[in-house]
Amino acid sequence: MKVEGRVVDIHNRRIINAAITVKEGIIIAIKNSDIITNKLILPGLIDSHVHIESSMLTPGSFAVACVPHGTIGVISDPHEIANVMGTRGIDYMIKESQSVPVKFWFGAPSCVPATKFETSGGKIAAEEVRKLLERVEVKYLAEMMNFPGVINGDKEILKKIGAAKEAGKKIDGHAPGLSGERLRKYAGAGISTDHECSTIEEAREKISYGMKILIREGSAARNLEALEDLYNTEPSEVMLCSDDLHPEMLQKGHINKLIARLINKGYDRYDVIRSATLNPVEHYGLEAGLLREGDAADFIIVDSLEEMNVRETWISGRKVFDNGRVLFRFEPGIPVNAFNCSEISAQEIKVKNQKKRFRIIHAYDGLLLTYEETGGRVSGEYVEASPGEDLLKLVVKDRYNDAPPASAFIRGFNLKKGAFASSVAHDSHNIIAIGTNDEDIVTAINEIIKLKGGLAVSKASTTDSLKLDVAGIMSTKQCREVASRYEFLSNRVKSMGCTMAAPFMTLSFMALLVIPELKLSDRGLFDGRKFCHVPLFV
């Protein structure tokens, strides 16, 4: 079989007219050709760090959705489903990924549970991590979020790091804002990457300690614009990733659109393409082709590098996408889940007024970081939400047990009516809800409990929802259907006044304790700087 076009040679930094000969999935020859064509052939694209679960799609559905954008492989950290179901959840992800042609390389989750300060459904200790790293599908130790544990020499954490080193596999990092001596210790433990940089100075300091920078552009956190100058100074040290990407965004584009943006801004085309092909392949030791003789025939055909609209996607010599048509079928497996709590009442989320000042979480659009504010004393028996002042109630309910919910207050969402809730709440995936009044908050939470996982919006007597039947975080439906329903719910939340670009995605990070400053777990407010629970009233 031969494929002819203008080959983008990222190794020799040139574009040549060539014919590619493929036999049994391998490129056996690339020869100069006299053919005149506008077709550009370049290596297939790789997302260097993604949580498939955040798309609310299973691996098979994700594969169907990503090949139209030229994605031939993803480096996937399954710690979302692992926090819900432990290694049983990882087994589900790996098994389903093997039913589709897209290349999935998984990490062994390093922090399950993410912290000891919340309730999760799964636990993966050092010995289980060691066994996961022995699997051929598992390429690395996934993001080490417990950076205080690394720095302070936590024995269990060091065992996990040691297991990765013994297996000869890379260790991914997660250390937002870490710098100076603490960063030196963290990187010195063997941490090889970070995807949490929000400033160019932070990225360059981490590079100086030998870390690779995964530039993230997802649904909630978008750091490409802040970090893109790395392509001028340290292009070999960067990769591109989405981290968390919701279905409506995946439908519109993936890594291909990030490449187009960067090339249109004038960054070197070969450096940009290498950051989504060569760099991850070399760093993680991936079985992916890079358009060389002897490589797997993993390549894509695009109309132009400035647009990166994909005409064809080839994986291991098989055409899997052709001018608008996905050329493989996928049937989802039997859903797995862990959901065991009863409905709650409005009385359970009331906040008794202690007649003191109280802590408030302040969230910002496009940031996972939050900031702590202090509210003044209020009158009345209970502290209530005040939507006119953008003071909303935030509730987290343990989905695994019948334990009391935790309540706090938050600013930044600007919701004026109703409430919305989700069982996608990083990393333990308890139920998280935000609202203007207790009745709507409880209605939204109870809808999710009835569904055993999903998203819900409630206003007065009207409730809309999306069921997530796999672990309460993914749907067995295809991307188009999930995206349509998700967009409907997001737009309904926005119609109620919310100003967040991705309300559900941003809400899901309000329980992520490992990112400062102030978050809420099912056990109460948590200070990510001191790494401990703090009282609501001060």
# chains A, B, ... in the order shown; residues from 1 in each chain; ligands from 1

$ residues_around --residues "Gly70 in chain A" --least-positions-apart "6" --cutoff "7 Å" --atoms "only C-alpha atoms" --output "list in words"
Gly44, Leu45, Asn256, Ile300, Val310 and Thr313 of chain A

$ residues_around --residues "Glu234 in chain A" --least-positions-apart "5" --cutoff "10 Å" --atoms "only C-alpha atoms" --output "ChimeraX atom specification"
/A:204,207,212-213,229,271

$ atom_distance --atom1 "CA of Trp314 in chain A" --atom2 "CA of Glu481 in chain A"
25.4 Å

$ select_by_dssp --residues "range 263-416 of chain A" --states "helix (DSSP H, G or I)" --output "JSON, numbers by chain"
{"A": [263, 264, 269, 270, 271, 272, 273, 274, 278, 279, 280, 281, 282, 283, 284, 346, 347, 348, 349, 387, 388, 389]}

$ residues_around --residues "Leu57 in chain A" --least-positions-apart "6" --cutoff "7 Å" --atoms "only C-alpha atoms" --output "list in words"
Met474, Ser475, Thr476 and Cys479 of chain A

$ closest_atom_pairs --of "range 147-209 of chain A" --to "range 520-536 of chain A" --cutoff "12 Å" --atoms "only C-alpha atoms" --output "CSV"
residue,atom,partner,partner_atom,distance
A:Phe147,CA,A:Phe531,CA,10.6
A:Pro148,CA,A:Phe531,CA,8.4
A:Gly149,CA,A:Phe531,CA,10.6
A:Ala175,CA,A:Gly528,CA,11.6
A:Pro176,CA,A:Gly528,CA,10.7
A:Gly177,CA,A:Arg529,CA,10.5
A:Leu178,CA,A:Arg529,CA,10.7

$ write_last_selection --atoms "N, CA and C atoms" --output "short mmCIF file (atom, residue, chain, number, x, y, z; two decimals), in the first residue's frame"
data_model
loop_
_atom_site.label_atom_id
_atom_site.label_comp_id
_atom_site.auth_asym_id
_atom_site.auth_seq_id
_atom_site.Cartn_x
_atom_site.Cartn_y
_atom_site.Cartn_z
N PHE A 147 2.78 16.47 46.65
CA PHE A 147 4.15 17.00 46.67
C PHE A 147 4.68 17.22 48.08
N PRO A 148 3.82 17.55 49.08
CA PRO A 148 4.37 17.62 50.45
C PRO A 148 4.91 16.26 50.91
N GLY A 149 4.23 15.16 50.49
CA GLY A 149 4.72 13.84 50.86
C GLY A 149 6.07 13.53 50.25
N ALA A 175 2.55 19.95 40.69
CA ALA A 175 3.03 20.81 41.77
C ALA A 175 2.78 22.27 41.46
N PRO A 176 1.52 22.71 41.50
CA PRO A 176 1.21 24.10 41.15
C PRO A 176 1.88 25.10 42.09
N GLY A 177 2.64 26.01 41.48
CA GLY A 177 3.24 27.09 42.26
C GLY A 177 4.47 26.71 43.06
N LEU A 178 4.88 25.46 43.03
CA LEU A 178 6.03 25.03 43.82
C LEU A 178 7.31 25.66 43.26
#

$ residues_around --residues "Arg325 in chain A" --least-positions-apart "4" --cutoff "10 Å" --atoms "only C-alpha atoms" --output "PyMOL selection string"
chain A and resi 64+67-68+311-312+320-321

$ write_last_selection --atoms "N, CA and C atoms" --output "PDB file, in the first residue's frame"
ATOM      1  N   VAL A  64     -13.430   7.248  19.240  1.00  0.00           N
ATOM      2  CA  VAL A  64     -14.276   7.627  18.104  1.00  0.00           C
ATOM      3  C   VAL A  64     -14.279   9.135  17.918  1.00  0.00           C
ATOM      4  N   VAL A  67     -10.202  10.621  16.756  1.00  0.00           N
ATOM      5  CA  VAL A  67      -9.514  10.351  15.481  1.00  0.00           C
ATOM      6  C   VAL A  67      -9.869  11.358  14.380  1.00  0.00           C
ATOM      7  N   PRO A  68     -11.067  11.986  14.379  1.00  0.00           N
ATOM      8  CA  PRO A  68     -11.307  13.026  13.382  1.00  0.00           C
ATOM      9  C   PRO A  68     -10.381  14.231  13.521  1.00  0.00           C
ATOM     10  N   ARG A 311      -7.960  15.304   7.190  1.00  0.00           N
ATOM     11  CA  ARG A 311      -8.663  14.561   6.144  1.00  0.00           C
ATOM     12  C   ARG A 311      -8.657  13.061   6.447  1.00  0.00           C
ATOM     13  N   GLU A 312      -7.499  12.562   6.848  1.00  0.00           N
ATOM     14  CA  GLU A 312      -7.368  11.129   7.107  1.00  0.00           C
ATOM     15  C   GLU A 312      -6.515  10.907   8.352  1.00  0.00           C
ATOM     16  N   VAL A 320      -8.336   4.912   9.888  1.00  0.00           N
ATOM     17  CA  VAL A 320      -9.416   4.884  10.879  1.00  0.00           C
ATOM     18  C   VAL A 320     -10.366   6.073  10.745  1.00  0.00           C
ATOM     19  N   PHE A 321      -9.964   7.060   9.934  1.00  0.00           N
ATOM     20  CA  PHE A 321     -10.826   8.223   9.683  1.00  0.00           C
ATOM     21  C   PHE A 321     -10.573   8.695   8.264  1.00  0.00           C
TER      22      PHE A 321
END

$ atom_distance --atom1 "CA of Ile301 in chain A" --atom2 "CA of Lys39 in chain A"
6.3 Å

$ select_by_dssp --residues "range 137-191 of chain A" --states "strand (DSSP E or B)" --output "mmCIF file with C-alpha atoms, in the first residue's frame"
data_model
loop_
_atom_site.group_PDB
_atom_site.id
_atom_site.type_symbol
_atom_site.label_atom_id
_atom_site.label_comp_id
_atom_site.auth_asym_id
_atom_site.auth_seq_id
_atom_site.Cartn_x
_atom_site.Cartn_y
_atom_site.Cartn_z
ATOM 1 C CA VAL A 138 1.162 1.036 32.010
ATOM 2 C CA LYS A 139 3.948 3.366 30.919
ATOM 3 C CA TYR A 140 4.535 5.666 33.890
ATOM 4 C CA LEU A 141 3.713 6.592 37.471
ATOM 5 C CA ALA A 142 0.890 9.080 37.113
ATOM 6 C CA GLU A 143 0.916 12.594 38.497
ATOM 7 C CA MET A 144 2.388 12.763 41.966
ATOM 8 C CA LYS A 170 8.803 7.902 34.119
ATOM 9 C CA ILE A 171 7.166 9.757 36.994
ATOM 10 C CA ASP A 172 4.690 12.525 36.250
ATOM 11 C CA GLY A 173 4.409 15.543 38.501
#

$ closest_residue --among "A:Lys95, A:Leu368, A:Ile26, A:His69" --to "Leu512 in chain A" --atoms "only C-alpha atoms"
A:Leu368

$ residues_around --residues "Ile200 in chain A" --least-positions-apart "3" --cutoff "9 Å" --atoms "only C-alpha atoms" --output "ChimeraX atom specification"
/A:197,203-205,226-230

$ write_last_selection --atoms "N, CA and C atoms" --output "tab-separated table (two decimals), in the first residue's frame"
chain	number	residue	atom	x	y	z
A	197	CYS	N	1.83	24.41	35.47
A	197	CYS	CA	2.43	25.75	35.40
A	197	CYS	C	1.42	26.77	34.87
A	203	ALA	N	7.36	27.80	34.84
A	203	ALA	CA	7.75	26.75	33.90
A	203	ALA	C	9.27	26.71	33.73
A	204	ARG	N	9.88	27.86	33.58
A	204	ARG	CA	11.33	27.88	33.35
A	204	ARG	C	12.11	27.42	34.58
A	205	GLU	N	11.60	27.72	35.75
A	205	GLU	CA	12.28	27.23	36.96
A	205	GLU	C	12.21	25.70	37.01
A	226	ALA	N	-0.08	31.64	28.28
A	226	ALA	CA	0.92	32.05	29.28
A	226	ALA	C	2.27	31.39	29.06
A	227	LEU	N	2.27	30.20	28.45
A	227	LEU	CA	3.50	29.41	28.37
A	227	LEU	C	4.07	29.29	26.96
A	228	GLU	N	3.40	29.82	25.97
A	228	GLU	CA	3.80	29.56	24.58
A	228	GLU	C	5.20	30.06	24.23
A	229	ASP	N	5.73	31.02	24.97
A	229	ASP	CA	7.08	31.52	24.66
A	229	ASP	C	8.15	30.44	24.89
A	230	LEU	N	7.80	29.35	25.55
A	230	LEU	CA	8.75	28.25	25.71
A	230	LEU	C	9.16	27.70	24.35

$ residues_around --residues "Pro332 in chain A" --least-positions-apart "4" --cutoff "12 Å" --atoms "only C-alpha atoms" --output "PDB file with C-alpha atoms, in the first residue's frame"
ATOM      1  CA  LEU A  57     -16.797   9.308  27.723  1.00  0.00           C
ATOM      2  CA  THR A  58     -15.400   5.806  28.022  1.00  0.00           C
ATOM      3  CA  PRO A  59     -12.113   5.084  26.194  1.00  0.00           C
ATOM      4  CA  GLY A  60     -13.951   3.641  23.191  1.00  0.00           C
ATOM      5  CA  SER A  61     -16.184   6.668  22.766  1.00  0.00           C
ATOM      6  CA  PHE A  62     -13.191   8.961  23.293  1.00  0.00           C
ATOM      7  CA  ALA A  63     -11.366   7.138  20.497  1.00  0.00           C
ATOM      8  CA  VAL A  64     -14.276   7.627  18.104  1.00  0.00           C
ATOM      9  CA  TYR A  92     -12.189  -1.520  32.974  1.00  0.00           C
ATOM     10  CA  MET A  93     -10.366   1.342  31.213  1.00  0.00           C
ATOM     11  CA  LYS A  95      -9.949  -3.585  28.652  1.00  0.00           C
ATOM     12  CA  GLU A  96     -12.191  -1.164  26.787  1.00  0.00           C
ATOM     13  CA  SER A  97      -9.239   0.706  25.259  1.00  0.00           C
ATOM     14  CA  GLN A  98      -8.093  -2.541  23.666  1.00  0.00           C
ATOM     15  CA  SER A  99     -11.284  -2.759  21.610  1.00  0.00           C
ATOM     16  CA  VAL A 100     -10.406   0.299  19.482  1.00  0.00           C
ATOM     17  CA  VAL A 336     -19.252  -0.576  36.498  1.00  0.00           C
ATOM     18  CA  ASP A 469     -23.659   5.217  34.321  1.00  0.00           C
ATOM     19  CA  VAL A 470     -19.965   4.234  34.426  1.00  0.00           C
ATOM     20  CA  MET A 474     -18.686   8.526  32.392  1.00  0.00           C
ATOM     21  CA  SER A 475     -21.511   7.712  30.005  1.00  0.00           C
ATOM     22  CA  THR A 476     -21.763   4.701  27.717  1.00  0.00           C
ATOM     23  CA  LYS A 477     -23.311   6.968  25.075  1.00  0.00           C
ATOM     24  CA  GLN A 478     -21.391   8.448  22.152  1.00  0.00           C
TER      25      GLN A 478
END

$ closest_residue --among "A:Ile161, A:Leu451, A:Ile75, A:Ile28" --to "Ser192 in chain A" --atoms "only C-alpha atoms"
A:Ile161

$ residues_around --residues "Gly122 in chain A" --least-positions-apart "2" --cutoff "6 Å" --atoms "only C-alpha atoms" --output "list in words"
Ala82, Asn83, Val84, Met85, Gly86 and Ser120 of chain A

$ write_last_selection --atoms "C-alpha atoms" --output "tab-separated table (two decimals), in the first residue's frame"
chain	number	residue	atom	x	y	z
A	82	ALA	CA	-9.35	4.61	40.39
A	83	ASN	CA	-10.51	6.96	43.14
A	84	VAL	CA	-14.01	5.58	42.65
A	85	MET	CA	-13.23	1.87	42.20
A	86	GLY	CA	-9.53	1.20	42.72
A	120	SER	CA	-12.99	7.94	48.24

$ closest_residue --among "A:Phe504, A:Gln347, A:Val383, A:Gly388" --to "Ala419 in chain A" --atoms "only C-alpha atoms"
A:Phe504

$ atom_distance --atom1 "CA of Glu24 in chain A" --atom2 "CA of Phe106 in chain A"
25.3 Å
